[in-house]
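Trainee: See final_9.csv below, with CSV, C-alpha atoms.
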chain,number,residue,atom,x,y,z
H,1,MET,CA,85.2,-88.7,164.3
H,2,ASP,CA,86.0,-91.7,166.5
H,3,LYS,CA,86.0,-93.9,163.5
H,4,THR,CA,88.7,-91.9,161.8
H,5,ARG,CA,91.0,-91.6,164.7
H,6,PRO,CA,92.8,-95.0,164.4
H,7,LEU,CA,93.6,-94.2,160.8
H,8,PHE,CA,95.7,-91.1,161.6
H,9,PRO,CA,98.9,-92.8,162.8
H,10,THR,CA,99.0,-94.9,159.7
H,11,LEU,CA,98.2,-92.0,157.4
H,12,LEU,CA,100.9,-89.8,158.9
H,13,LYS,CA,103.4,-92.7,158.8
H,14,THR,CA,102.5,-93.2,155.1
H,15,VAL,CA,103.0,-89.5,154.3
H,16,PHE,CA,106.4,-89.6,156.0
H,17,LEU,CA,107.5,-92.8,154.3
H,18,ALA,CA,106.3,-91.6,150.9
H,19,SER,CA,108.2,-88.4,151.3
H,20,SER,CA,111.3,-90.4,152.3
H,21,LEU,CA,110.9,-92.6,149.3
H,22,LEU,CA,110.7,-89.5,147.0
H,23,ILE,CA,114.0,-88.2,148.4
H,24,SER,CA,115.8,-91.6,148.4
H,25,ALA,CA,114.5,-92.5,144.9
H,26,GLN,CA,115.7,-89.3,143.5
H,27,ALA,CA,119.2,-90.2,144.7
H,28,HIS,CA,119.2,-93.6,143.0
H,29,SER,CA,120.8,-94.1,139.7
H,30,GLN,CA,119.0,-95.9,136.8
H,31,ASP,CA,121.2,-98.9,137.1
H,32,ALA,CA,119.6,-102.3,137.5
H,33,VAL,CA,119.6,-103.5,141.1
H,34,ALA,CA,117.8,-106.3,142.9
H,35,PRO,CA,114.9,-105.1,145.1
H,36,THR,CA,115.5,-105.6,148.8
H,37,GLY,CA,111.9,-105.2,149.8
H,38,ASN,CA,112.8,-102.8,152.6
H,39,ALA,CA,112.0,-99.3,151.5
H,40,SER,CA,111.0,-100.6,148.1
H,41,ALA,CA,112.9,-97.7,146.5
H,42,GLU,CA,114.9,-100.0,144.3
H,43,ALA,CA,113.6,-101.6,141.1
H,44,LEU,CA,114.7,-104.8,139.4
H,45,LYS,CA,115.2,-104.3,135.7
H,46,TRP,CA,115.6,-107.1,133.2
H,47,SER,CA,115.3,-107.7,129.5
H,48,GLY,CA,115.7,-110.8,127.4
H,49,ASP,CA,114.1,-112.7,124.5
H,50,GLY,CA,112.1,-109.7,123.4
H,51,LEU,CA,110.7,-108.9,126.9
H,52,LYS,CA,111.6,-105.8,129.0
H,53,ILE,CA,110.4,-105.8,132.6
H,54,GLU,CA,110.8,-103.7,135.7
H,55,LEU,CA,109.6,-104.9,139.1
H,56,GLN,CA,109.5,-102.9,142.4
H,57,ALA,CA,107.9,-104.1,145.6
H,58,LEU,CA,105.5,-101.6,147.3
H,59,THR,CA,105.6,-101.4,151.0
H,60,PRO,CA,102.2,-102.0,152.7
H,61,ASP,CA,102.1,-98.2,153.5
H,62,LEU,CA,102.6,-97.3,149.9
H,63,THR,CA,100.0,-99.8,148.9
H,64,ARG,CA,97.6,-98.2,151.4
H,65,ALA,CA,98.4,-94.8,150.1
H,66,PHE,CA,97.8,-95.8,146.5
H,67,PHE,CA,94.5,-97.6,147.0
H,68,ILE,CA,93.0,-95.1,149.6
H,69,GLY,CA,93.7,-92.5,146.9
H,70,ARG,CA,91.6,-94.7,144.5
H,71,GLY,CA,88.6,-94.7,146.9
H,72,PHE,CA,89.1,-98.1,148.5
H,73,PRO,CA,87.5,-98.7,151.9
H,74,LYS,CA,89.8,-99.5,154.8
H,75,LYS,CA,89.0,-103.3,154.9
H,76,ALA,CA,89.9,-103.7,151.2
H,77,VAL,CA,93.0,-101.6,151.6
H,78,GLU,CA,94.2,-103.7,154.5
H,79,LEU,CA,93.7,-106.9,152.5
H,80,LEU,CA,95.9,-105.5,149.8
H,81,ALA,CA,98.5,-104.1,152.2
H,82,ASN,CA,98.8,-107.2,154.3
H,83,GLU,CA,98.1,-110.1,152.0
H,84,ALA,CA,98.5,-109.1,148.3
H,85,CYS,CA,102.3,-108.4,148.1
H,86,VAL,CA,101.9,-105.7,145.5
H,87,PHE,CA,104.6,-104.9,143.0
H,88,ARG,CA,104.7,-102.0,140.6
H,89,SER,CA,105.7,-103.2,137.2
H,90,ALA,CA,106.4,-101.9,133.7
H,91,ILE,CA,106.4,-104.6,131.0
H,92,GLY,CA,107.0,-104.2,127.3
H,93,HIS,CA,108.7,-105.2,124.1
H,94,SER,CA,112.5,-104.8,124.4
H,95,SER,CA,113.4,-104.7,120.7
H,96,GLN,CA,114.1,-101.6,118.6
H,97,ASN,CA,113.8,-103.6,115.4
H,98,SER,CA,110.3,-103.0,113.9
H,99,ALA,CA,110.5,-106.3,112.0
H,100,ASP,CA,110.7,-108.4,115.3
H,101,PRO,CA,107.7,-110.5,116.3
H,102,SER,CA,105.2,-109.4,119.0
H,103,VAL,CA,105.6,-110.5,122.6
H,104,THR,CA,102.7,-111.8,124.7
H,105,ILE,CA,102.7,-112.0,128.5
H,106,GLU,CA,100.6,-114.6,130.1
H,107,LEU,CA,100.2,-113.9,133.8
H,108,LYS,CA,98.2,-117.1,134.3
H,109,LYS,CA,101.4,-119.1,133.7
H,110,TRP,CA,103.5,-117.0,136.1
H,111,ARG,CA,104.5,-118.9,139.3
H,112,VAL,CA,105.4,-117.7,142.8
H,113,ILE,CA,107.9,-120.3,144.1
H,114,LYS,CA,108.7,-120.8,147.7
H,115,GLY,CA,110.9,-123.9,148.2
H,116,ALA,CA,109.0,-126.9,146.9
H,117,LYS,CA,105.7,-125.0,146.7
H,118,ALA,CA,104.4,-122.8,144.0
H,119,HIS,CA,101.2,-120.8,143.3
H,120,GLY,CA,99.9,-118.4,140.7
H,121,LEU,CA,99.3,-114.7,140.8
H,122,ARG,CA,95.9,-113.2,141.6
H,123,THR,CA,94.7,-111.8,138.3
H,124,ARG,CA,92.2,-109.0,137.6
H,125,GLU,CA,89.5,-111.6,136.9
H,126,MET,CA,90.1,-113.2,140.3
H,127,TRP,CA,90.0,-109.9,142.1
H,128,ARG,CA,86.8,-108.9,140.2
H,129,GLU,CA,85.0,-111.8,141.9
H,130,ILE,CA,86.4,-110.9,145.3
H,131,TRP,CA,85.4,-107.2,145.0
H,132,LYS,CA,82.0,-108.2,143.7
H,133,SER,CA,81.3,-110.5,146.7
H,134,ARG,CA,82.5,-107.7,149.0
H,135,LYS,CA,80.2,-105.2,147.3
H,136,LEU,CA,83.0,-102.8,146.6
H,137,ASP,CA,82.0,-99.5,145.1
H,138,GLN,CA,82.0,-99.6,141.2
H,139,SER,CA,84.4,-96.7,140.8
H,140,ALA,CA,87.0,-98.5,143.1
H,141,ARG,CA,86.5,-101.7,141.1
H,142,THR,CA,87.1,-99.8,137.9
H,143,ALA,CA,90.2,-98.2,139.2
H,144,PHE,CA,91.5,-101.6,140.5
H,145,HIS,CA,90.9,-103.3,137.2
H,146,TRP,CA,92.9,-100.7,135.3
H,147,ALA,CA,95.6,-100.4,137.9
H,148,LEU,CA,96.6,-104.1,137.5
H,149,ILE,CA,98.7,-105.4,134.6
H,150,PRO,CA,96.5,-107.1,132.1
H,151,THR,CA,96.3,-110.9,132.5
H,152,GLU,CA,97.3,-111.3,128.9
H,153,GLN,CA,98.8,-108.6,126.7
H,154,THR,CA,100.5,-108.6,123.4
H,155,TYR,CA,103.2,-106.0,122.8
H,156,SER,CA,104.5,-104.9,119.4
H,157,VAL,CA,107.9,-103.3,119.2
H,158,THR,CA,108.2,-100.2,121.5
H,159,ASP,CA,104.9,-101.0,123.2
H,160,TYR,CA,104.8,-101.3,127.0
H,161,ASN,CA,102.3,-101.2,129.9
H,162,TRP,CA,102.5,-100.0,133.5
H,163,GLY,CA,100.6,-101.7,136.3
H,164,MET,CA,100.5,-103.5,139.6
H,165,LEU,CA,101.0,-107.3,140.1
H,166,THR,CA,99.7,-109.1,143.2
H,167,PHE,CA,101.7,-112.1,144.3
H,168,MET,CA,99.5,-112.9,147.4
H,169,GLU,CA,102.2,-113.3,150.1
H,170,LYS,CA,102.7,-111.6,153.5
H,171,PRO,CA,104.9,-108.5,153.8
H,172,GLY,CA,108.6,-109.3,153.7
H,173,THR,CA,108.1,-112.8,152.2
H,174,LYS,CA,111.0,-113.9,150.0
H,175,PHE,CA,110.2,-115.9,146.8
H,176,ASP,CA,111.3,-116.8,143.3
H,177,LEU,CA,109.2,-115.7,140.4
H,178,GLU,CA,108.9,-117.6,137.2
H,179,ILE,CA,107.6,-115.5,134.4
H,180,ALA,CA,106.2,-116.8,131.1
H,181,TRP,CA,105.7,-115.1,127.7
H,182,ARG,CA,105.7,-115.9,124.0
H,183,VAL,CA,107.8,-114.4,121.3
H,184,GLY,CA,105.5,-114.9,118.3
H,185,ASN,CA,104.4,-118.4,119.1
H,186,GLU,CA,107.5,-119.5,120.9
H,187,PRO,CA,107.1,-119.9,124.6
H,188,LYS,CA,109.8,-118.5,126.9
H,189,THR,CA,110.3,-118.5,130.7
H,190,HIS,CA,112.7,-116.8,133.1
H,191,ILE,CA,113.1,-117.1,136.9
H,192,PHE,CA,113.8,-114.1,139.1
H,193,LYS,CA,115.5,-115.3,142.3
H,194,ALA,CA,114.9,-114.0,145.8
H,195,LEU,CA,112.3,-111.3,145.3
H,196,GLN,CA,110.9,-109.9,148.4
H,197,CYS,CA,107.5,-108.4,149.2
H,198,GLY,CA,107.7,-104.9,150.6
H,199,ARG,CA,107.5,-104.3,154.3
H,200,ASP,CA,107.2,-101.2,156.3
H,201,GLN,CA,110.3,-100.0,158.1
H,202,SER,CA,108.8,-100.5,161.5
H,203,GLU,CA,108.0,-104.2,160.8
E,1,MET,CA,94.6,-80.5,158.9
E,2,ASN,CA,91.3,-82.4,158.3
E,3,LEU,CA,91.1,-85.9,157.1
E,4,ALA,CA,90.1,-85.1,153.5
E,5,LYS,CA,93.1,-82.7,153.1
E,6,LEU,CA,95.4,-85.3,154.6
E,7,LEU,CA,94.1,-88.1,152.3
E,8,PHE,CA,94.5,-85.8,149.3
E,9,LEU,CA,98.1,-84.8,150.3
E,10,MET,CA,99.0,-88.5,150.9
E,11,ALA,CA,97.6,-89.6,147.6
E,12,MET,CA,99.5,-86.9,145.7
E,13,ILE,CA,102.7,-87.8,147.5
E,14,ALA,CA,102.2,-91.5,146.8
E,15,GLY,CA,101.4,-90.8,143.2
E,16,ALA,CA,104.5,-88.7,142.8
E,17,ALA,CA,106.6,-91.5,144.4
E,18,LEU,CA,105.2,-94.1,142.1
E,19,MET,CA,105.7,-91.8,139.1
E,20,ILE,CA,109.4,-91.3,139.6
E,21,ALA,CA,110.0,-95.0,139.5
E,22,PRO,CA,111.9,-95.9,136.4
E,23,GLN,CA,110.0,-96.9,133.3
E,24,PRO,CA,111.0,-98.5,130.0
E,25,SER,CA,112.7,-95.9,127.7
E,26,HIS,CA,111.1,-95.4,124.4
E,27,ALA,CA,113.4,-92.5,123.4
E,28,GLU,CA,115.2,-94.4,120.8
E,29,MET,CA,112.3,-95.3,118.5
E,30,GLN,CA,108.5,-94.9,118.6
E,31,LEU,CA,106.0,-96.7,116.5
E,32,LEU,CA,102.3,-96.7,115.8
E,33,HIS,CA,101.1,-100.1,114.9
E,34,LYS,CA,98.5,-101.0,112.2
E,35,VAL,CA,95.4,-102.6,113.7
E,36,PRO,CA,94.6,-105.9,111.9
E,37,ARG,CA,91.3,-105.7,109.9
E,38,THR,CA,90.8,-102.1,110.9
E,39,PRO,CA,87.6,-102.7,113.0
E,40,GLN,CA,84.9,-100.0,113.2
E,41,ALA,CA,85.5,-97.8,116.3
E,42,PRO,CA,82.8,-98.3,118.9
E,43,ASN,CA,81.0,-95.0,119.5
E,44,VAL,CA,81.9,-93.2,122.7
E,45,GLU,CA,79.5,-90.7,124.4
E,46,LEU,CA,80.9,-89.1,127.5
E,47,PRO,CA,80.9,-85.8,129.3
E,48,ASP,CA,83.9,-83.5,129.0
E,49,LEU,CA,85.2,-81.7,132.1
E,50,ASP,CA,82.6,-79.0,131.7
E,51,GLY,CA,79.9,-81.6,131.7
E,52,LYS,CA,79.1,-81.3,127.9
E,53,MET,CA,78.4,-84.6,126.2
E,54,ILE,CA,80.8,-85.4,123.5
E,55,LYS,CA,80.4,-88.3,121.0
E,56,LEU,CA,83.0,-89.8,118.8
E,57,SER,CA,80.4,-89.9,116.1
E,58,ASP,CA,80.4,-86.0,116.2
E,59,PHE,CA,83.7,-86.2,114.4
E,60,LYS,CA,82.6,-88.4,111.5
E,61,GLY,CA,84.8,-88.0,108.5
E,62,LYS,CA,87.7,-86.7,110.6
E,63,VAL,CA,90.8,-88.5,111.9
E,64,VAL,CA,90.6,-88.8,115.7
E,65,LEU,CA,93.3,-89.7,118.1
E,66,VAL,CA,91.6,-91.4,121.1
E,67,ASN,CA,93.7,-91.8,124.2
E,68,PHE,CA,92.6,-93.9,127.2
E,69,TRP,CA,94.4,-92.8,130.4
E,70,ALA,CA,94.2,-92.3,134.2
E,71,THR,CA,95.8,-89.7,136.5
E,72,TRP,CA,97.4,-92.4,138.6
E,73,CYS,CA,99.1,-94.1,135.7
E,74,PRO,CA,102.7,-92.8,135.3
E,75,PRO,CA,103.2,-93.3,131.6
E,76,CYS,CA,99.8,-91.6,131.0
E,77,ARG,CA,101.0,-88.6,133.0
E,78,LYS,CA,104.3,-88.5,131.2
E,79,GLU,CA,102.7,-88.3,127.8
E,80,ILE,CA,100.3,-85.5,128.5
E,81,PRO,CA,102.7,-82.6,127.8
E,82,SER,CA,103.6,-84.1,124.4
E,83,MET,CA,99.9,-84.7,123.7
E,84,GLN,CA,99.3,-81.0,124.2
E,85,ARG,CA,102.2,-80.1,121.9
E,86,ALA,CA,100.8,-82.6,119.3
E,87,TRP,CA,97.3,-81.1,119.7
E,88,LYS,CA,98.6,-77.7,118.7
E,89,ILE,CA,99.8,-79.2,115.4
E,90,LEU,CA,96.9,-81.6,114.8
E,91,GLU,CA,94.1,-79.1,115.6
E,92,LYS,CA,95.3,-76.9,112.8
E,93,GLU,CA,95.2,-80.0,110.5
E,94,ASP,CA,91.6,-80.6,111.5
E,95,VAL,CA,92.5,-83.8,113.4
E,96,MET,CA,90.6,-84.4,116.6
E,97,MET,CA,92.0,-85.6,119.9
E,98,LEU,CA,90.0,-87.1,122.7
E,99,ALA,CA,91.6,-88.2,126.0
E,100,ILE,CA,89.3,-90.5,127.9
E,101,HIS,CA,89.9,-90.8,131.6
E,102,ILE,CA,88.9,-94.2,133.0
E,103,GLY,CA,87.4,-94.2,136.6
E,104,GLY,CA,88.2,-91.8,139.3
E,105,SER,CA,86.4,-88.5,140.0
E,106,MET,CA,86.0,-85.4,138.0
E,107,ASP,CA,87.4,-83.3,140.9
E,108,LYS,CA,90.6,-85.3,140.9
E,109,ILE,CA,91.1,-84.9,137.2
E,110,TRP,CA,90.4,-81.2,137.5
E,111,THR,CA,93.0,-80.9,140.3
E,112,PHE,CA,95.5,-83.0,138.4
E,113,LEU,CA,95.1,-81.0,135.1
E,114,THR,CA,95.8,-77.7,136.9
E,115,ASP,CA,99.5,-78.7,136.7
E,116,TYR,CA,99.2,-79.2,132.9
E,117,ASP,CA,98.3,-76.5,130.5
E,118,VAL,CA,96.1,-78.7,128.3
E,119,ASP,CA,93.2,-77.6,126.0
E,120,PHE,CA,92.4,-80.8,124.1
E,121,PRO,CA,89.1,-82.4,125.1
E,122,VAL,CA,89.3,-84.6,128.2
E,123,LEU,CA,86.3,-86.9,128.6
E,124,PHE,CA,85.4,-88.6,131.9
E,125,ASP,CA,84.3,-92.2,132.1
E,126,ALA,CA,83.5,-92.8,135.8
E,127,GLY,CA,82.2,-96.3,135.3
E,128,GLY,CA,85.0,-97.4,133.0
E,129,LYS,CA,82.5,-98.7,130.3
E,130,SER,CA,83.9,-96.8,127.3
E,131,PRO,CA,86.7,-99.3,126.5
E,132,LYS,CA,84.1,-102.0,125.8
E,133,GLY,CA,84.5,-103.0,122.2
E,134,TRP,CA,87.9,-101.3,121.8
E,135,PRO,CA,90.9,-103.6,121.6
E,136,LEU,CA,92.2,-102.3,124.9
E,137,VAL,CA,93.4,-104.1,128.1
E,138,GLY,CA,95.9,-101.7,129.7
E,139,LEU,CA,96.6,-98.0,130.2
E,140,PRO,CA,97.7,-95.9,128.5
E,141,THR,CA,96.5,-97.1,125.1
E,142,SER,CA,95.9,-94.8,122.2
E,143,PHE,CA,94.1,-95.4,118.9
E,144,VAL,CA,93.9,-93.4,115.7
E,145,VAL,CA,90.5,-93.6,114.1
E,146,ASP,CA,90.5,-92.9,110.3
E,147,THR,CA,88.1,-90.8,108.3
E,148,GLN,CA,85.9,-93.9,107.8
E,149,GLY,CA,85.5,-94.4,111.6
E,150,ARG,CA,87.8,-97.4,111.6
E,151,ILE,CA,90.5,-98.1,114.2
E,152,ALA,CA,93.6,-97.8,112.0
E,153,LEU,CA,96.5,-97.4,114.3
E,154,ARG,CA,97.3,-98.1,118.0
E,155,ALA,CA,100.0,-97.5,120.6
E,156,ILE,CA,100.2,-99.5,123.8
E,157,GLY,CA,102.1,-97.4,126.4
E,158,GLY,CA,103.1,-93.8,126.3
E,159,ARG,CA,104.5,-92.0,123.4
E,160,GLU,CA,106.1,-88.6,122.7
E,161,TRP,CA,103.2,-87.5,120.5
E,162,ASP,CA,104.8,-84.5,119.0
E,163,ASP,CA,107.4,-86.7,117.3
E,164,PRO,CA,107.2,-85.6,113.7
E,165,LYS,CA,107.2,-89.2,112.6
E,166,LEU,CA,104.1,-90.0,114.6
E,167,ILE,CA,102.4,-86.8,113.5
E,168,GLN,CA,103.0,-87.8,109.9
E,169,GLU,CA,101.6,-91.3,110.4
E,170,ILE,CA,98.4,-89.7,111.8
E,171,LEU,CA,98.2,-87.0,109.1
E,172,VAL,CA,98.5,-89.6,106.3
E,173,LEU,CA,95.1,-91.0,107.4
E,174,LYS,CA,93.5,-87.8,106.3
E,175,LYS,CA,94.1,-89.1,102.7
E,176,VAL,CA,91.7,-92.0,103.3
E,177,PRO,CA,88.4,-91.1,101.6
E,178,ALA,CA,85.8,-90.3,104.2
E,179,THR,CA,83.2,-92.5,102.6
E,180,VAL,CA,83.6,-95.9,101.2
E,181,PRO,CA,83.1,-95.9,97.4
E,182,PRO,CA,80.1,-98.0,96.3
E,183,SER,CA,81.1,-101.3,94.9
E,184,PRO,CA,80.7,-101.6,91.1
Transcribe the structure of this file into structure tokens.
Mentor:
Amino acid sequence: MDKTRPLFPTLLKTVFLASSLLISAQAHSQDAVAPTGNASAEALKWSGDGLKIELQALTPDLTRAFFIGRGFPKKAVELLANEACVFRSAIGHSSQNSADPSVTIELKKWRVIKGAKAHGLRTREMWREIWKSRKLDQSARTAFHWALIPTEQTYSVTDYNWGMLTFMEKPGTKFDLEIAWRVGNEPKTHIFKALQCGRDQSE
Amino acid sequence: MNLAKLLFLMAMIAGAALMIAPQPSHAEMQLLHKVPRTPQAPNVELPDLDGKMIKLSDFKGKVVLVNFWATWCPPCRKEIPSMQRAWKILEKEDVMMLAIHIGGSMDKIWTFLTDYDVDFPVLFDAGGKSPKGWPLVGLPTSFVVDTQGRIALRAIGGREWDDPKLIQEILVLKKVPATVPPSP
């Protein structure tokens, strides 16, 4: 039992914050707002050039809750909560015209920009190697793979996916995000300014 | 409250919190898309929630709607009620439906499905191996396999499956001859 004791304050805090989020999120409208990164209850919605995207930072506690629920051990959960900067996302084709070309996202071309520095996202394939070296249980690896947005995905009209994105920054970090996609074969980019990784209210 | 109960409660609350987050609306129009070159559907052999082994090849000659999903995926959860309504229509038309849960545990799926009155077959793929060979990279994704065992249609993301237009697109595949006529 001693091993479980340190977990309890975090777990209780998570239950409390998740409950608060439920209540506050229900009170929010569907209007597009920029995420503040505080309670992570607000989602950024954007659409343009065939792409529709929603981004919402998860707090470290919500990240813990999600991945503990998927059978992740504490060490892996803490890595995700403290270093991964997890965003929930929904990405899809924005058009309602069935004749429009397909849209392809390419996460390998997305950039996290902080001042003059930039780096890429950590994709499923990169995480797979990390979990393999950490000998993570196969069921947790499977859940993780499918919980992340695919590294490359082509959407036809009305298609969309849901999944997590990992930007690999500390909680509360502010950054710009350059996203890249193709409409048919035509490359497109867009920059979201001043996104912020989720942080717990006590931080 | 013991640790297991607390973890379960926490996961359920977090799941609900993630689920209520806004998603792209597909209310205006829904489409099933033709799969280029209609590849042969890889066979799937998995246990259902009673532990009985089910094979896709058991339904040779039938149209089969194959849905890949997970309990923690909000659009997957959202489409389950409409899948059940569609199943009530498709079952009478001799069309099969298989919902394949990727990863997780049987207990969690059981618990989750107690909130949904579903009676279409739900298969359990603990190791997440079943998508191999299917043109599938994200959840939910659904495919309609035609009477010749080919992947004819696909939908990436959730759908309202009881939409008469989608039902019609599925039923049309019943007209495909179950066997390929020999070449002259």
Trainee: Asn161 (chain H): which residues within 9 Å, counting all atoms listed in the file, same-chain residues fewer than 5 positions away excluded, as a short mmCIF file (atom, residue, chain, number, x, y, z; two decimals) with C-alpha atoms, in the coordinates of the input?
Mentor:
data_model
loop_
_atom_site.label_atom_id
_atom_site.label_comp_id
_atom_site.auth_asym_id
_atom_site.auth_seq_id
_atom_site.Cartn_x
_atom_site.Cartn_y
_atom_site.Cartn_z
CA SER H 89 105.70 -103.20 137.20
CA ALA H 90 106.40 -101.90 133.70
CA ILE H 91 106.40 -104.60 131.00
CA GLY H 92 107.00 -104.20 127.30
CA ILE H 149 98.70 -105.40 134.60
CA PRO H 150 96.50 -107.10 132.10
CA GLN H 153 98.80 -108.60 126.70
CA TYR H 155 103.20 -106.00 122.80
CA PRO E 75 103.20 -93.30 131.60
CA GLY E 138 95.90 -101.70 129.70
CA LEU E 139 96.60 -98.00 130.20
CA PRO E 140 97.70 -95.90 128.50
CA THR E 141 96.50 -97.10 125.10
CA ILE E 156 100.20 -99.50 123.80
CA GLY E 157 102.10 -97.40 126.40
CA GLY E 158 103.10 -93.80 126.30
#
Trainee: Identify the residues around (103.9, -111.5, 152.2) within a radius of 8 Å, measuring from only C-alpha atoms in the coordinates stated by the file, and give them as an MDAnalysis selection string.
Mentor: chainID H and resid 82:85 168:174 197:198
Trainee: Tell me which protein, DNA and RNA residues are within 10 Å of region 185-189 of chain H, counting all atoms listed in the file, leaving out same-chain ones fewer than 5 positions away, and put them as a list in words.
Mentor: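 Listing them by chain and then by number gives Gly48, Asp49, Gly50, Leu51, Pro101, Ser102, Val103, Thr104, Ile105, Lys109, Trp110, Glu178, Ile179 and Ala180 of chain H.
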Trainee: Record the distance separating CA of Met164 (chain H) and CA of Leu55 (chain H), expressed in Å with one decimal.
Mentor: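 Taking CA of Met164 (chain H) and CA of Leu55 (chain H), their separation equals 9.2 Å.
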Trainee: Which distance in Å separates CA of Ser57 (chain E) and CA of Val44 (chain E), to one decimal?
Mentor: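 The value is 7.5 Å.
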Trainee: Nearest residue to Glu42 (chain H) out of H:Ile68, H:Leu80, H:Ile130, H:Leu195, using only C-alpha atoms?
Mentor: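 The shortest atom-to-atom distance to Glu42 (chain H) comes from H:Leu195.
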Trainee: What's around His101 (chain E) at 7 Å? Count all atoms listed in the file, leave out sequence neighbours fewer than 4 positions away in its own chain, and write the answer as a list of chain:residue names.
Mentor: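 What passes the distance filter is E:Phe68, E:Trp69, E:Ala70, E:Leu123, E:Phe124, E:Asp125.
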Trainee: In Å to one decimal, how far is CA of Asp107 (chain E) from CA of Ala140 (chain H)?
Mentor: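 Straight-line distance from CA of Ala140 (chain H) to CA of Asp107 (chain E) works out to 15.4 Å.
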Trainee: Quick one: residues within 12 Å of Pro135 (chain E), only C-alpha atoms counted, chain neighbours fewer than 2 positions away excluded, as a list in words?
Mentor: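 Selected residues are Gln153 and Thr154 of chain H; Val35, Pro36, Arg37, Thr38, Pro39, Gln40, Ala41, Pro42, Phe68, Ser130, Pro131, Lys132, Gly133, Val137, Gly138, Leu139, Thr141, Ser142, Phe143, Ile151, Ala152, Leu153, Arg154, Ala155 and Ile156 of chain E.
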Trainee: Store the residues picked out above, limited to C-alpha atoms, as an mmCIF file, in the coordinates of the input.
Mentor:
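Result file out_6.cif:
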data_model
loop_
_atom_site.group_PDB
_atom_site.id
_atom_site.type_symbol
_atom_site.label_atom_id
_atom_site.label_comp_id
_atom_site.auth_asym_id
_atom_site.auth_seq_id
_atom_site.Cartn_x
_atom_site.Cartn_y
_atom_site.Cartn_z
ATOM 1 C CA GLN H 153 98.800 -108.600 126.700
ATOM 2 C CA THR H 154 100.500 -108.600 123.400
ATOM 3 C CA VAL E 35 95.400 -102.600 113.700
ATOM 4 C CA PRO E 36 94.600 -105.900 111.900
ATOM 5 C CA ARG E 37 91.300 -105.700 109.900
ATOM 6 C CA THR E 38 90.800 -102.100 110.900
ATOM 7 C CA PRO E 39 87.600 -102.700 113.000
ATOM 8 C CA GLN E 40 84.900 -100.000 113.200
ATOM 9 C CA ALA E 41 85.500 -97.800 116.300
ATOM 10 C CA PRO E 42 82.800 -98.300 118.900
ATOM 11 C CA PHE E 68 92.600 -93.900 127.200
ATOM 12 C CA SER E 130 83.900 -96.800 127.300
ATOM 13 C CA PRO E 131 86.700 -99.300 126.500
ATOM 14 C CA LYS E 132 84.100 -102.000 125.800
ATOM 15 C CA GLY E 133 84.500 -103.000 122.200
ATOM 16 C CA VAL E 137 93.400 -104.100 128.100
ATOM 17 C CA GLY E 138 95.900 -101.700 129.700
ATOM 18 C CA LEU E 139 96.600 -98.000 130.200
ATOM 19 C CA THR E 141 96.500 -97.100 125.100
ATOM 20 C CA SER E 142 95.900 -94.800 122.200
ATOM 21 C CA PHE E 143 94.100 -95.400 118.900
ATOM 22 C CA ILE E 151 90.500 -98.100 114.200
ATOM 23 C CA ALA E 152 93.600 -97.800 112.000
ATOM 24 C CA LEU E 153 96.500 -97.400 114.300
ATOM 25 C CA ARG E 154 97.300 -98.100 118.000
ATOM 26 C CA ALA E 155 100.000 -97.500 120.600
ATOM 27 C CA ILE E 156 100.200 -99.500 123.800
#
Trainee: Between E:Lys52, E:Ala99, E:Asp163, E:Lys129, which one has atoms that come closest to Ser82 (chain E), using only C-alpha atoms?
Mentor: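 Comparing E:Lys52, E:Ala99, E:Asp163, E:Lys129 against Ser82 (chain E), the winner is E:Asp163.
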Trainee: Can you list, as a PyMOL selection string, every protein, DNA or RNA residue that comes within 10 Å of Ala143 (chain H) when you count only C-alpha atoms, leaving out same-chain residues fewer than 5 positions away?
Mentor: (chain H and resi 67+70-72+138+148) or (chain E and resi 70+72+102-104+126-128)
